[in-house]
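Working notes, beginning with the structure itself.
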Amino acid sequence: MATTKYTKDHEYIRIDGDVGTVGISHYAQEQLGDVVFVELPSSGKAVKKGDSAAVVESVKAASDIYSPVSGQVVEANPDLEGAPATVNDDPAGKGWFFKVKIANPAELDELMDEAAYKAFLDTL
Amino acid sequence: MGETQAGPLLTTPLHALHGELGAKMVPFAGYDMPVQYPTGVLAEHNWTRASAGLFDVSHMGQCFLIPADGRFETAAAALEALVPADVMALKPGQQRYSQFTNAEGGILDDLMITRLGHPGHEHWLYLVVNAACKDADYAHMRAHLPAGVALKVADDLALIAVQGPEAVAAVATLAPGLAGLKFMTSVDLPLDGIWAHVSRTGYTGEDGVEISLKSADAVALTRKLLADPRVKPIGLGARDSLRLEAGLCLYGHDIDTTTSPIEAGLTWSIQKRRRAEGGFLGAARIQKELAEGAPRLRVGILPDGRAPAREGTVVKSADGQPIGTVTSGGFGPTINGPLAMGYVNRRFAEPGTPVLLEVRGKDLAAKVVTMPFAPHRYVRG
C-alpha cells in the first residue's frame, strides 16, 4: 500500500515501491492561491533532496518546490501545462508535479507521516 | 508592494469588517490590509471586470490645500511648483493625475489632484497620495508651500473605490444623480444620507468611482454597497493584477525617484502650457527629455509562453544584450496569460520589438506591446 510523507515546506511524496509521486499539500495550495503556471523538471533529471525541482506561480508570486528525496525524475505531470489550476482543485490527486525514482530510501525516514504533518500544521 | 515598516501596523476604519468578510490580511505600507477574500485573487479580478468590486483604499493619504486669500489661483500656483500638471486650468470638480517631481526630475510620488466643486470650497485642492509616501509627501509640501497656502491632512477620512461595469449603477442606487457624473470629475453629495466626495476615477481600467467620506461612516456605507449583489469586496492582490492589465504604474516599482514622467510614459499627464513654461521641480530634465527623447522608456512586455516574468527580471535584446528591467510582472486573468511592464533602452521600445526575458536562467521569448493589455473601459461621457 502506498504511504504518503510530507516535508516542512508542504511537499508530499506518495511512495509506491521505489517511485515517489511529488506534489504540494492542500494547505500549500491554499496558501499559494490560484496557480497560473507550473515549471516542471524534465524526465531523467537528477534531483537532490532539498533541491528546487519545480516552480509554481500564483497570480502574485513564484514559489520553489523542493524535492523531498534524492533520485531521478521519471515523469512530469503533462496535464499541468494546460491546466495549472489542477494544483488547486486536486493537489493530492491529479495535481501532482513529478515522479521520482528514489535513490536512497533512508531519506524517507526524515519526512513526516500524515499524523506528524497534521500536528505540524497545527503549530503554524 | 507590501513594504513592511517597523512597529505595530495601522488599520483602516474597515479593518474589523475585512475580518468579518474572511479576508486574508497582509502588511502593506504600514497598514494591515486585505490581500484577498475567500474567493481568491482570480475570482475577485474577474468579478471586478464583469460586475463591480469594492476596494478599501483608506490607507492612501488624503489632504487639502487651502489658500488663505480664498483664491483658487493661489493654491493652484503653489501646487504647480511641485507637479508638472496644469492645475490652474482645473474647473470646479475636475480631477487630474500628476506626480510630485524632485529637483532631478525623478518622481517622489504620483497623485490625484481635484479642484473641489462644492460651493464655497471651489478654491480648495483635494489630493490623494500613496500610503507608503504620504508622510514624505506632506513634509515635502510643508517645506515648499508658500505661507499663504495651508496643508490640511485629512486623517479623519476613509476612501472606498467601487470599480467595474456595474459600479456606477450600484453606487447610483444610493444617489441617482451620480449616473451623469463625468470621467475625472467629482461631486459632493449624500449617498443614502451619508455625505461623500465621489470622483469618477479609479485604478483598474474600468468605469467606477472613488468615495471619500468620514471614517466614522465608512462601515455603514460599505455595508450598504455590499448589500447590492453586484458588488463584492476585492483585495490588494486583484487590485494589482487589475492595474497591471490596465498598464497603470505602481509607485515604488514602475516609477520612483530615478524615473522621470517622460521615461514612464506619463507625458500625457503634462499639459501643453507646463511643457512649454516649466516652473516645477526637475523641469530642466523633463523639458530636455521632451525635446530629445528619454534614454529609456516604460513599455508593456508580453511573454510568448505561459511563464510569468516578475519584477527585477532582466530584459534582453533578441541577440542577448541586457536592455532593461521588468518593474511589474505577473499573470493577467483577463488576458489569461503572463504580462509585464518595465523599462527598456528607447531603441527597443517600439511595439512589436522582439525581446528576451531572463527567467530562472533561461531566456524566454517576448515582445514589446502597447499598453493597456486589457482595454480601458472608462465612460468618458
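Residue numbering restarts at 1 in every chain; chains get A, B, ... in the order shown in the C-alpha cells, and ligands count up from 1 in that same order.
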- Task: Tell me, as a PyMOL selection string, which residues lie within 7 Å of region 112-123 of chain A, counting only C-alpha atoms; anything in the same chain fewer than 4 positions away does not count.
- Result: chain A and resi 4-7
- Message: Based on only C-alpha atoms, which of the residues in chain B come within 10 Å of chain A? I want them as a PyMOL selection string.
- Response: chain B and resi 24+36+38-43+237-238+240-241+306-311+329-333+336-338+360
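The smallest atom-to-atom distance between Ala175 (chain B) and any of B:His197, B:Arg285, B:Arg296, B:Arg243, using only C-alpha atoms, is found for B:His197.
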- Message: Can you tell me which residues surround Ser212 (chain B) at a distance of at most 12 Å, considering only C-alpha atoms, apart from same-chain residues fewer than 4 positions away, and format the answer as a ChimeraX atom specification?
- Response: /B:56-63,126-128,154-162,186-191,194-200,216-218,221-222
Using only C-alpha atoms, which protein or nucleic acid residues come within 8 Å of Arg49 (chain B)? Drop anything in the same chain fewer than 2 positions from it, and give the result as a PDB file with N, CA, C and O atoms, in the first residue's frame.
```
ATOM      1  N   HIS B  45     -10.612  39.401  -9.358  1.00  0.00           N
ATOM      2  CA  HIS B  45     -10.233  40.134 -10.567  1.00  0.00           C
ATOM      3  C   HIS B  45     -11.359  40.040 -11.613  1.00  0.00           C
ATOM      4  O   HIS B  45     -11.820  41.053 -12.147  1.00  0.00           O
ATOM      5  N   ASN B  46     -11.802  38.817 -11.861  1.00  0.00           N
ATOM      6  CA  ASN B  46     -12.815  38.617 -12.899  1.00  0.00           C
ATOM      7  C   ASN B  46     -14.152  39.250 -12.518  1.00  0.00           C
ATOM      8  O   ASN B  46     -14.862  39.776 -13.378  1.00  0.00           O
ATOM      9  N   TRP B  47     -14.470  39.215 -11.221  1.00  0.00           N
ATOM     10  CA  TRP B  47     -15.726  39.831 -10.771  1.00  0.00           C
ATOM     11  C   TRP B  47     -15.690  41.338 -11.028  1.00  0.00           C
ATOM     12  O   TRP B  47     -16.680  41.940 -11.462  1.00  0.00           O
ATOM     13  N   SER B  51     -18.554  42.832 -13.103  1.00  0.00           N
ATOM     14  CA  SER B  51     -19.657  43.419 -12.339  1.00  0.00           C
ATOM     15  C   SER B  51     -19.146  44.651 -11.581  1.00  0.00           C
ATOM     16  O   SER B  51     -18.974  45.704 -12.187  1.00  0.00           O
ATOM     17  N   ALA B  52     -18.861  44.519 -10.294  1.00  0.00           N
ATOM     18  CA  ALA B  52     -18.330  45.654  -9.529  1.00  0.00           C
ATOM     19  C   ALA B  52     -17.580  45.150  -8.302  1.00  0.00           C
ATOM     20  O   ALA B  52     -18.073  44.307  -7.562  1.00  0.00           O
ATOM     21  N   GLY B 164     -15.764  48.760 -11.890  1.00  0.00           N
ATOM     22  CA  GLY B 164     -16.327  47.717 -12.741  1.00  0.00           C
ATOM     23  C   GLY B 164     -17.507  48.260 -13.527  1.00  0.00           C
ATOM     24  O   GLY B 164     -18.014  49.349 -13.219  1.00  0.00           O
ATOM     25  N   PRO B 165     -17.954  47.500 -14.533  1.00  0.00           N
ATOM     26  CA  PRO B 165     -19.031  47.998 -15.407  1.00  0.00           C
ATOM     27  C   PRO B 165     -20.345  48.292 -14.679  1.00  0.00           C
ATOM     28  O   PRO B 165     -21.132  49.104 -15.133  1.00  0.00           O
ATOM     29  N   GLU B 206     -11.332  50.126 -15.375  1.00  0.00           N
ATOM     30  CA  GLU B 206     -12.789  50.033 -15.525  1.00  0.00           C
ATOM     31  C   GLU B 206     -13.437  51.365 -15.176  1.00  0.00           C
ATOM     32  O   GLU B 206     -12.837  52.215 -14.519  1.00  0.00           O
ATOM     33  N   THR B 334      -7.623  38.511 -17.076  1.00  0.00           N
ATOM     34  CA  THR B 334      -8.497  38.887 -18.195  1.00  0.00           C
ATOM     35  C   THR B 334      -7.867  38.510 -19.529  1.00  0.00           C
ATOM     36  O   THR B 334      -8.558  38.021 -20.438  1.00  0.00           O
TER      37      THR B 334
END
```
- Message: I'd like the contact shell of Ile15 (chain A) - 6 Å cut-off, only C-alpha atoms, skipping same-chain residues fewer than 5 positions apart - returned as number ranges by chain.
- Response: A: 2-3, 20
- Find the spatial neighbours of region 93-99 of chain A, counting only C-alpha atoms, within a cut-off of 10 Å - ignore same-chain residues fewer than 5 positions away - and output them as a VMD selection string. chain A and resid 11 to 15 19 to 25 38 to 43 53 to 56 65 67 71 to 80 83 to 88
Give me a file of those residues, with N, CA and C atoms, as a CSV table (one decimal), in the first residue's frame.
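Result file follows (again-v3.csv):
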```csv
chain,number,residue,atom,x,y,z
A,11,GLU,N,5.6,19.9,0.7
A,11,GLU,CA,5.5,19.0,-0.4
A,11,GLU,C,5.1,17.6,0.2
A,12,TYR,N,4.4,16.9,-0.6
A,12,TYR,CA,4.2,15.5,-0.2
A,12,TYR,C,4.9,14.5,-1.2
A,13,ILE,N,5.2,13.4,-0.8
A,13,ILE,CA,5.7,12.3,-1.7
A,13,ILE,C,4.9,11.0,-1.4
A,14,ARG,N,4.2,10.5,-2.4
A,14,ARG,CA,3.4,9.3,-2.2
A,14,ARG,C,4.3,8.2,-2.8
A,15,ILE,N,4.6,7.2,-1.9
A,15,ILE,CA,5.6,6.2,-2.2
A,15,ILE,C,4.9,5.0,-2.7
A,19,VAL,N,9.3,4.3,-6.5
A,19,VAL,CA,9.0,5.6,-7.1
A,19,VAL,C,8.1,6.4,-6.2
A,20,GLY,N,8.4,7.7,-6.1
A,20,GLY,CA,7.6,8.6,-5.3
A,20,GLY,C,6.9,9.6,-6.2
A,21,THR,N,5.6,9.9,-5.9
A,21,THR,CA,4.9,11.0,-6.7
A,21,THR,C,4.9,12.2,-5.8
A,22,VAL,N,5.4,13.3,-6.3
A,22,VAL,CA,5.6,14.5,-5.5
A,22,VAL,C,4.6,15.6,-5.9
A,23,GLY,N,4.0,16.2,-4.9
A,23,GLY,CA,3.1,17.3,-5.2
A,23,GLY,C,3.1,18.3,-3.9
A,24,ILE,N,2.1,19.2,-3.9
A,24,ILE,CA,2.1,20.0,-2.7
A,24,ILE,C,0.8,19.7,-2.0
A,25,SER,N,0.8,20.0,-0.6
A,25,SER,CA,-0.4,19.7,0.2
A,25,SER,C,-1.5,20.6,0.0
A,38,VAL,N,3.1,26.3,-13.9
A,38,VAL,CA,4.0,25.4,-13.2
A,38,VAL,C,5.1,25.0,-14.1
A,39,GLU,N,6.3,25.2,-13.6
A,39,GLU,CA,7.5,24.7,-14.3
A,39,GLU,C,8.0,23.4,-13.8
A,40,LEU,N,8.1,22.4,-14.6
A,40,LEU,CA,8.4,21.1,-14.1
A,40,LEU,C,9.8,20.6,-14.6
A,41,PRO,N,10.4,19.7,-13.9
A,41,PRO,CA,11.7,19.2,-14.3
A,41,PRO,C,11.5,18.2,-15.5
A,42,SER,N,12.5,18.1,-16.3
A,42,SER,CA,12.4,17.2,-17.4
A,42,SER,C,12.7,15.8,-16.9
A,43,SER,N,12.1,14.8,-17.6
A,43,SER,CA,12.3,13.4,-17.3
A,43,SER,C,13.8,13.1,-17.4
A,53,ALA,N,13.1,21.7,-7.5
A,53,ALA,CA,12.9,20.8,-8.6
A,53,ALA,C,11.8,21.3,-9.5
A,54,ALA,N,11.0,22.2,-9.0
A,54,ALA,CA,9.9,22.8,-9.8
A,54,ALA,C,9.6,24.1,-9.3
A,55,VAL,N,8.8,24.9,-10.1
A,55,VAL,CA,8.4,26.2,-9.7
A,55,VAL,C,6.9,26.3,-9.9
A,56,VAL,N,6.2,26.8,-8.9
A,56,VAL,CA,4.8,27.0,-9.0
A,56,VAL,C,4.5,28.5,-8.9
A,65,ILE,N,9.5,24.5,-5.5
A,65,ILE,CA,9.1,23.2,-5.0
A,65,ILE,C,10.3,22.4,-4.8
A,67,SER,N,12.5,19.0,-3.9
A,67,SER,CA,12.3,17.6,-4.0
A,67,SER,C,12.5,17.0,-2.6
A,71,GLY,N,17.1,11.5,-6.2
A,71,GLY,CA,16.7,10.5,-7.2
A,71,GLY,C,16.7,11.0,-8.6
A,72,GLN,N,16.0,10.3,-9.4
A,72,GLN,CA,15.9,10.7,-10.8
A,72,GLN,C,14.5,10.9,-11.2
A,73,VAL,N,14.2,12.0,-11.9
A,73,VAL,CA,12.8,12.3,-12.3
A,73,VAL,C,12.5,11.3,-13.4
A,74,VAL,N,11.3,10.6,-13.2
A,74,VAL,CA,10.9,9.6,-14.3
A,74,VAL,C,9.8,10.1,-15.1
A,75,GLU,N,9.0,11.1,-14.5
A,75,GLU,CA,7.9,11.6,-15.3
A,75,GLU,C,7.5,12.9,-14.7
A,76,ALA,N,7.1,13.9,-15.5
A,76,ALA,CA,6.5,15.1,-15.0
A,76,ALA,C,5.0,15.1,-15.5
A,77,ASN,N,4.2,15.7,-14.7
A,77,ASN,CA,2.7,15.7,-15.0
A,77,ASN,C,2.4,16.5,-16.2
A,78,PRO,N,2.1,15.8,-17.3
A,78,PRO,CA,1.9,16.6,-18.6
A,78,PRO,C,0.6,17.4,-18.6
A,79,ASP,N,-0.3,17.2,-17.7
A,79,ASP,CA,-1.6,18.0,-17.7
A,79,ASP,C,-1.5,19.4,-17.1
A,80,LEU,N,-0.4,19.6,-16.3
A,80,LEU,CA,-0.3,20.9,-15.6
A,80,LEU,C,-0.1,22.1,-16.5
A,83,ALA,N,-3.4,23.0,-17.7
A,83,ALA,CA,-4.4,23.2,-16.6
A,83,ALA,C,-3.7,23.4,-15.3
A,84,PRO,N,-3.0,24.5,-15.1
A,84,PRO,CA,-2.3,24.6,-13.8
A,84,PRO,C,-3.2,24.7,-12.6
A,85,ALA,N,-4.4,25.1,-12.8
A,85,ALA,CA,-5.3,25.2,-11.6
A,85,ALA,C,-5.7,23.9,-11.0
A,86,THR,N,-5.3,22.8,-11.7
A,86,THR,CA,-5.5,21.4,-11.2
A,86,THR,C,-4.8,21.3,-9.8
A,87,VAL,N,-3.7,22.1,-9.7
A,87,VAL,CA,-2.9,22.1,-8.4
A,87,VAL,C,-3.8,22.5,-7.2
A,88,ASN,N,-4.7,23.5,-7.5
A,88,ASN,CA,-5.6,24.0,-6.5
A,88,ASN,C,-6.8,23.0,-6.3
```
For Thr370 (chain B), find every residue with an atom within 7 Å (counting only C-alpha atoms), except residues of its own chain fewer than 2 positions away, and show them as a short mmCIF file (atom, residue, chain, number, x, y, z; two decimals) with C-alpha atoms, in the first residue's frame.
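File produced: result-v4.cif:
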```cif
data_model
loop_
_atom_site.label_atom_id
_atom_site.label_comp_id
_atom_site.auth_asym_id
_atom_site.auth_seq_id
_atom_site.Cartn_x
_atom_site.Cartn_y
_atom_site.Cartn_z
CA GLY B 300 4.44 46.70 -21.97
CA PRO B 351 5.69 47.90 -30.17
CA PRO B 372 -3.06 48.72 -21.76
#
```
- Item | Members of region 121-182 of chain B assigned alpha helix (DSSP H) by DSSP, as a list in words | Lys134, Asp135, Ala136, Asp137, Tyr138, Ala139, His140, Met141, Arg142, Ala143, His144, Ala167, Val168, Ala169, Ala170, Val171 and Ala172 of chain B
So that I have them on file, write out the residues from the current selection with all heavy atoms, as a compact mmCIF listing (two decimals), in the first residue's frame.
```txt
# COMPACT_ATOMS: atom_id res chain seq x y z
N LYS B 134 3.00 58.96 1.97
CA LYS B 134 2.21 60.13 2.40
C LYS B 134 2.94 61.03 3.38
O LYS B 134 2.89 62.26 3.25
CB LYS B 134 0.82 59.74 2.90
CG LYS B 134 0.76 58.84 4.10
CD LYS B 134 -0.73 58.49 4.35
CE LYS B 134 -0.88 57.52 5.49
NZ LYS B 134 -2.29 57.10 5.66
N ASP B 135 3.65 60.44 4.34
CA ASP B 135 4.34 61.30 5.31
C ASP B 135 5.42 62.13 4.63
O ASP B 135 5.59 63.32 4.92
CB ASP B 135 4.94 60.45 6.44
CG ASP B 135 3.85 59.83 7.31
OD1 ASP B 135 2.73 60.40 7.34
OD2 ASP B 135 4.09 58.78 7.92
N ALA B 136 6.15 61.50 3.70
CA ALA B 136 7.18 62.23 2.95
C ALA B 136 6.55 63.30 2.06
O ALA B 136 7.08 64.41 1.92
CB ALA B 136 8.01 61.27 2.12
N ASP B 137 5.41 62.99 1.47
CA ASP B 137 4.70 63.97 0.63
C ASP B 137 4.28 65.19 1.46
O ASP B 137 4.41 66.34 1.00
CB ASP B 137 3.44 63.35 0.00
CG ASP B 137 3.75 62.30 -1.05
OD1 ASP B 137 4.89 62.26 -1.54
OD2 ASP B 137 2.84 61.51 -1.37
N TYR B 138 3.75 64.93 2.64
CA TYR B 138 3.29 66.04 3.48
C TYR B 138 4.48 66.91 3.88
O TYR B 138 4.40 68.15 3.85
CB TYR B 138 2.56 65.53 4.72
CG TYR B 138 1.31 64.70 4.44
CD1 TYR B 138 0.86 63.72 5.32
CD2 TYR B 138 0.57 64.91 3.26
CE1 TYR B 138 -0.28 62.97 5.05
CE2 TYR B 138 -0.56 64.15 2.99
CZ TYR B 138 -0.98 63.18 3.89
OH TYR B 138 -2.10 62.43 3.61
N ALA B 139 5.60 66.26 4.23
CA ALA B 139 6.80 67.02 4.61
C ALA B 139 7.30 67.84 3.41
O ALA B 139 7.70 69.01 3.57
CB ALA B 139 7.88 66.07 5.10
N HIS B 140 7.26 67.24 2.24
CA HIS B 140 7.70 67.91 1.01
C HIS B 140 6.84 69.15 0.75
O HIS B 140 7.35 70.23 0.45
CB HIS B 140 7.58 66.91 -0.15
CG HIS B 140 7.94 67.44 -1.49
ND1 HIS B 140 9.21 67.84 -1.83
CD2 HIS B 140 7.17 67.64 -2.61
CE1 HIS B 140 9.22 68.25 -3.10
NE2 HIS B 140 8.00 68.14 -3.58
N MET B 141 5.54 68.99 0.90
CA MET B 141 4.65 70.14 0.67
C MET B 141 4.86 71.22 1.72
O MET B 141 4.93 72.41 1.40
CB MET B 141 3.19 69.68 0.63
CG MET B 141 2.83 68.97 -0.67
SD MET B 141 1.06 68.65 -0.83
CE MET B 141 0.90 67.12 0.08
N ARG B 142 4.99 70.80 2.98
CA ARG B 142 5.21 71.79 4.05
C ARG B 142 6.48 72.57 3.80
O ARG B 142 6.55 73.78 4.07
CB ARG B 142 5.27 71.10 5.42
CG ARG B 142 3.90 70.65 5.91
CD ARG B 142 3.92 70.25 7.39
NE ARG B 142 2.61 69.74 7.77
CZ ARG B 142 2.32 68.44 7.90
NH1 ARG B 142 3.26 67.52 7.72
NH2 ARG B 142 1.11 68.06 8.22
N ALA B 143 7.50 71.89 3.26
CA ALA B 143 8.78 72.56 3.02
C ALA B 143 8.70 73.55 1.86
O ALA B 143 9.48 74.50 1.80
CB ALA B 143 9.86 71.52 2.75
N HIS B 144 7.78 73.32 0.93
CA HIS B 144 7.77 74.13 -0.30
C HIS B 144 6.58 75.06 -0.44
O HIS B 144 6.64 76.00 -1.23
CB HIS B 144 7.83 73.21 -1.54
CG HIS B 144 9.19 72.60 -1.75
ND1 HIS B 144 9.53 71.38 -1.20
CD2 HIS B 144 10.27 73.03 -2.41
CE1 HIS B 144 10.78 71.09 -1.54
NE2 HIS B 144 11.25 72.07 -2.27
N ALA B 167 -20.37 49.34 -11.45
CA ALA B 167 -20.04 50.12 -10.25
C ALA B 167 -20.90 51.38 -10.12
O ALA B 167 -21.48 51.63 -9.06
CB ALA B 167 -18.56 50.49 -10.27
N VAL B 168 -20.97 52.16 -11.19
CA VAL B 168 -21.69 53.44 -11.08
C VAL B 168 -23.18 53.18 -10.86
O VAL B 168 -23.82 53.85 -10.03
CB VAL B 168 -21.42 54.32 -12.31
CG1 VAL B 168 -22.33 55.54 -12.32
CG2 VAL B 168 -19.94 54.76 -12.31
N ALA B 169 -23.72 52.20 -11.55
CA ALA B 169 -25.15 51.87 -11.36
C ALA B 169 -25.40 51.45 -9.91
O ALA B 169 -26.42 51.84 -9.32
CB ALA B 169 -25.57 50.77 -12.32
N ALA B 170 -24.48 50.69 -9.35
CA ALA B 170 -24.67 50.22 -7.97
C ALA B 170 -24.61 51.39 -6.98
O ALA B 170 -25.46 51.51 -6.10
CB ALA B 170 -23.62 49.17 -7.62
N VAL B 171 -23.61 52.27 -7.15
CA VAL B 171 -23.50 53.40 -6.22
C VAL B 171 -24.66 54.38 -6.45
O VAL B 171 -25.15 55.00 -5.50
CB VAL B 171 -22.13 54.11 -6.37
CG1 VAL B 171 -22.01 55.27 -5.40
CG2 VAL B 171 -20.98 53.12 -6.13
N ALA B 172 -25.11 54.47 -7.70
CA ALA B 172 -26.18 55.42 -8.01
C ALA B 172 -27.52 55.01 -7.39
O ALA B 172 -28.43 55.85 -7.29
CB ALA B 172 -26.33 55.57 -9.53
```
- Item | Å distance separating CA of Met184 (chain B) from CA of Lys288 (chain B), one decimal place | 29.2 Å
- May I ask for the distance between CA of Ala132 (chain B) and CA of Ala29 (chain B), given in Å to one decimal place?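 Separating CA of Ala132 (chain B) from CA of Ala29 (chain B) is a distance of 4.7 Å.
One distance worth recording is that between CA of Ala264 (chain B) and CA of Arg377 (chain B), which is 21.8 Å.
For the choices B:Gly177, B:Leu281, B:Leu242, B:Glu289, the atom-to-atom distance to Phe100 (chain B) is smallest for B:Leu281 when using only C-alpha atoms.
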